[in-house]
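In what follows, a single structure is set out as structure tokens and then discussed.
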Amino acid sequence: MSTERWKDDEALLESLRKGAPGAVDELLRLYQGKIFNLAMSILKNESDAEEAAQDVFMTVIRKADTFQGNSAFYSWMYRVCVNTCLMRLRGKRRNETVSIEEFMPVFTDEGMHASPMDDWSKEVERDALNDELGQMIRKFTEELSEKYRVVFVLSDVEGLSNEETAKILGLTVPAIKSRLHRARLYLREQLSRYLQEGKAGMTGMQSAKPREPVRNRPVWRI
């Protein structure tokens, strides 16, 4: 974390403790989107995520005086968010998630891929695919179980280091690296399959009559 961000968070925390005017508004301005997105990635329901985010900010405001400073302020907030969301999931019937093992690449004894993996990086660079790929990345991310999805969001979406993610989730750094690696491999494999299916579909459509373009396609936001 940059020195500037650390100082900004320290000043914000001190303002919250003093009940300074505008402190809560500043807290929401800086972190409302991040906390909601993290809650959404765990709960996968907009209404539940909004309620959880509200609970998180109420907890942060109420317990600002008890924060010991053993970790970064934003790291503490993320941990409050994760715990709040996981508590909401308890007692509820969780949506089924796919088994990540089914989509993991298979390796030979020499450590090489048993079957070649498609290089979809060039496809991703095509502007025409950006919106659609964004939607599919969100879809595939939501299919991950919580233990992989939360690590992926904290690391690759929020940009936290492995050490910061480990502190938030109460895990070891090697465990974070392992889960993040597996989540990335799963998403890569799913995107490769999706792009290959899209190419096959386009080949089959070359001789077919053109269809009306899809309108009002939702844009993925994260």
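Residue numbering restarts at 1 in every chain; chains get A, B, ... in the order shown in the structure tokens, and ligands count up from 1 in that same order.
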Close residues, Val82 (chain A) itself excluded, 12 Å, only C-alpha atoms, min 5 positions apart in chain, as a VMD selection string
chain A and resid 35 to 43 49 52 to 53 55 to 56 75 to 77 87 to 89 146 to 147 149 to 151 153 to 154 165 167 to 170
Keeping only N, CA and C atoms, take the residues you just selected and write them out as a tab-separated table (two decimals), in the first residue's frame.
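This is the output file again-v5.tsv:
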```
chain	number	residue	atom	x	y	z
A	35	ILE	N	-16.57	-2.04	-1.20
A	35	ILE	CA	-17.22	-2.94	-0.24
A	35	ILE	C	-18.43	-3.62	-0.87
A	36	PHE	N	-19.21	-2.87	-1.64
A	36	PHE	CA	-20.37	-3.48	-2.30
A	36	PHE	C	-19.92	-4.55	-3.28
A	37	ASN	N	-18.90	-4.28	-4.08
A	37	ASN	CA	-18.44	-5.26	-5.06
A	37	ASN	C	-17.92	-6.53	-4.39
A	38	LEU	N	-17.21	-6.35	-3.27
A	38	LEU	CA	-16.72	-7.51	-2.55
A	38	LEU	C	-17.90	-8.32	-1.98
A	39	ALA	N	-18.88	-7.63	-1.41
A	39	ALA	CA	-20.06	-8.32	-0.88
A	39	ALA	C	-20.82	-9.02	-1.99
A	40	MET	N	-20.92	-8.36	-3.14
A	40	MET	CA	-21.63	-8.95	-4.28
A	40	MET	C	-20.93	-10.21	-4.77
A	41	SER	N	-19.61	-10.20	-4.74
A	41	SER	CA	-18.86	-11.36	-5.21
A	41	SER	C	-19.07	-12.57	-4.32
A	42	ILE	N	-19.39	-12.34	-3.06
A	42	ILE	CA	-19.62	-13.45	-2.13
A	42	ILE	C	-21.08	-13.87	-2.12
A	43	LEU	N	-21.98	-12.90	-2.05
A	43	LEU	CA	-23.40	-13.20	-1.87
A	43	LEU	C	-24.14	-13.43	-3.18
A	49	ALA	N	-26.24	-7.94	-0.98
A	49	ALA	CA	-24.96	-7.23	-0.97
A	49	ALA	C	-25.12	-5.81	-0.44
A	52	ALA	N	-25.61	-6.04	3.31
A	52	ALA	CA	-24.34	-6.41	3.94
A	52	ALA	C	-23.39	-5.21	3.98
A	53	ALA	N	-23.33	-4.46	2.88
A	53	ALA	CA	-22.46	-3.28	2.82
A	53	ALA	C	-22.87	-2.25	3.87
A	55	ASP	N	-24.33	-2.92	6.69
A	55	ASP	CA	-23.91	-3.48	7.98
A	55	ASP	C	-22.42	-3.25	8.21
A	56	VAL	N	-21.65	-3.40	7.13
A	56	VAL	CA	-20.20	-3.22	7.25
A	56	VAL	C	-19.87	-1.80	7.66
A	75	SER	N	-7.75	-2.85	5.07
A	75	SER	CA	-7.67	-4.30	5.23
A	75	SER	C	-8.65	-4.76	6.31
A	76	TRP	N	-8.75	-4.00	7.38
A	76	TRP	CA	-9.70	-4.30	8.46
A	76	TRP	C	-11.13	-4.24	7.92
A	77	MET	N	-11.43	-3.24	7.11
A	77	MET	CA	-12.78	-3.12	6.56
A	77	MET	C	-13.12	-4.29	5.66
A	87	MET	N	-21.34	-14.73	7.38
A	87	MET	CA	-22.37	-14.95	8.39
A	87	MET	C	-23.76	-14.96	7.76
A	88	ARG	N	-23.96	-14.13	6.75
A	88	ARG	CA	-25.25	-14.10	6.06
A	88	ARG	C	-25.51	-15.40	5.31
A	89	LEU	N	-24.44	-16.02	4.86
A	89	LEU	CA	-24.61	-17.27	4.12
A	89	LEU	C	-24.96	-18.44	5.03
A	146	GLU	N	-16.91	-20.03	-2.79
A	146	GLU	CA	-16.51	-18.82	-2.06
A	146	GLU	C	-15.01	-18.76	-1.81
A	147	LYS	N	-14.39	-19.88	-1.46
A	147	LYS	CA	-12.99	-19.84	-1.05
A	147	LYS	C	-12.08	-19.43	-2.20
A	149	ARG	N	-13.43	-17.67	-5.00
A	149	ARG	CA	-13.96	-16.41	-5.53
A	149	ARG	C	-13.49	-15.21	-4.71
A	150	VAL	N	-13.52	-15.33	-3.39
A	150	VAL	CA	-13.12	-14.21	-2.54
A	150	VAL	C	-11.65	-13.88	-2.74
A	151	VAL	N	-10.80	-14.90	-2.82
A	151	VAL	CA	-9.38	-14.66	-3.04
A	151	VAL	C	-9.15	-13.98	-4.39
A	153	VAL	N	-11.23	-12.07	-6.11
A	153	VAL	CA	-11.72	-10.68	-6.09
A	153	VAL	C	-10.76	-9.78	-5.33
A	154	LEU	N	-10.32	-10.22	-4.15
A	154	LEU	CA	-9.41	-9.40	-3.36
A	154	LEU	C	-8.08	-9.18	-4.08
A	165	THR	N	-4.19	-10.10	1.43
A	165	THR	CA	-5.33	-11.01	1.30
A	165	THR	C	-5.28	-12.09	2.37
A	167	LYS	N	-4.01	-11.84	5.38
A	167	LYS	CA	-4.40	-11.27	6.67
A	167	LYS	C	-5.91	-11.10	6.76
A	168	ILE	N	-6.52	-10.65	5.68
A	168	ILE	CA	-7.97	-10.43	5.68
A	168	ILE	C	-8.72	-11.73	5.89
A	169	LEU	N	-8.27	-12.79	5.24
A	169	LEU	CA	-8.99	-14.07	5.28
A	169	LEU	C	-8.48	-14.99	6.38
A	170	GLY	N	-7.42	-14.60	7.07
A	170	GLY	CA	-6.88	-15.45	8.12
A	170	GLY	C	-6.25	-16.71	7.59
```
Using only C-alpha atoms, the residue out of A:Asn162, A:Leu28, A:Ser178, A:Ile137 with shortest distance to Gln190 (chain A) is A:Ile137
For Thr84 (chain A), the nearest of the candidates A:Asp9, A:Glu189, A:Asp48, A:Glu132, counting only C-alpha atoms:
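Counting only C-alpha atoms, the residue closest to Thr84 (chain A) is A:Asp48.
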query = Neighbours of Val24 (chain A) within 9 Å (only C-alpha atoms; same-chain residues fewer than 3 positions away dropped), as a list of chain:residue names?
reply =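 Contacts, in chain order: A:Leu12, A:Ser15, A:Leu16, A:Gly19, A:Ala20, A:Pro21, A:Leu27, A:Leu28, A:Arg29, A:Phe57, A:Ile61.
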Just C-alpha atoms for this one: save the residues we selected as a PDB file, in the first residue's frame.
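Result went into result.pdb, see below:
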```
ATOM      1  CA  LEU A  12     -10.000   9.301   7.817  1.00  0.00           C
ATOM      2  CA  SER A  15     -11.929  11.906  11.689  1.00  0.00           C
ATOM      3  CA  LEU A  16     -14.338   9.032  12.287  1.00  0.00           C
ATOM      4  CA  GLY A  19     -17.088  12.387  14.732  1.00  0.00           C
ATOM      5  CA  ALA A  20     -15.876  15.088  12.376  1.00  0.00           C
ATOM      6  CA  PRO A  21     -18.408  16.490   9.889  1.00  0.00           C
ATOM      7  CA  LEU A  27     -15.658   6.922   4.049  1.00  0.00           C
ATOM      8  CA  LEU A  28     -18.505   6.109   1.685  1.00  0.00           C
ATOM      9  CA  ARG A  29     -16.905   8.004  -1.190  1.00  0.00           C
ATOM     10  CA  PHE A  57     -20.151   0.575   7.320  1.00  0.00           C
ATOM     11  CA  ILE A  61     -18.256   3.582  12.193  1.00  0.00           C
TER      12      ILE A  61
END
```
Separating CA of Ala23 (chain A) from CA of Asn45 (chain A), to the nearest tenth of an Å, is a gap of 28.6 Å
Can you tell me which residues surround Ala183 (chain A) at a distance of at most 8 Å, considering only C-alpha atoms, apart from same-chain residues fewer than 6 positions away, and format the answer as a PDB file with N, CA and C atoms, in the first residue's frame?
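The resulting file, selection-v4.pdb, is shown below:
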```
ATOM      1  N   ILE A 100     -14.376 -27.013  -9.363  1.00  0.00           N
ATOM      2  CA  ILE A 100     -13.253 -26.430 -10.098  1.00  0.00           C
ATOM      3  C   ILE A 100     -12.359 -27.507 -10.680  1.00  0.00           C
ATOM      4  N   LEU A 144     -17.401 -19.891  -9.231  1.00  0.00           N
ATOM      5  CA  LEU A 144     -16.402 -20.386  -8.287  1.00  0.00           C
ATOM      6  C   LEU A 144     -17.004 -20.497  -6.891  1.00  0.00           C
ATOM      7  N   TYR A 148     -12.462 -19.747  -3.433  1.00  0.00           N
ATOM      8  CA  TYR A 148     -11.684 -19.300  -4.581  1.00  0.00           C
ATOM      9  C   TYR A 148     -12.122 -17.915  -5.034  1.00  0.00           C
ATOM     10  N   ARG A 149     -13.428 -17.668  -5.001  1.00  0.00           N
ATOM     11  CA  ARG A 149     -13.958 -16.410  -5.531  1.00  0.00           C
ATOM     12  C   ARG A 149     -13.487 -15.211  -4.710  1.00  0.00           C
ATOM     13  N   PHE A 152      -9.853 -14.438  -5.410  1.00  0.00           N
ATOM     14  CA  PHE A 152      -9.694 -13.841  -6.739  1.00  0.00           C
ATOM     15  C   PHE A 152     -10.108 -12.374  -6.742  1.00  0.00           C
TER      16      PHE A 152
END
```
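Distance check against Ala166 (chain A) using only C-alpha atoms: of A:Leu180, A:Arg188, A:Thr66, A:Tyr194, the minimum falls on A:Leu180.
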Computed gap from CA of Ser47 (chain A) to CA of Ala64 (chain A) is 25.8 Å
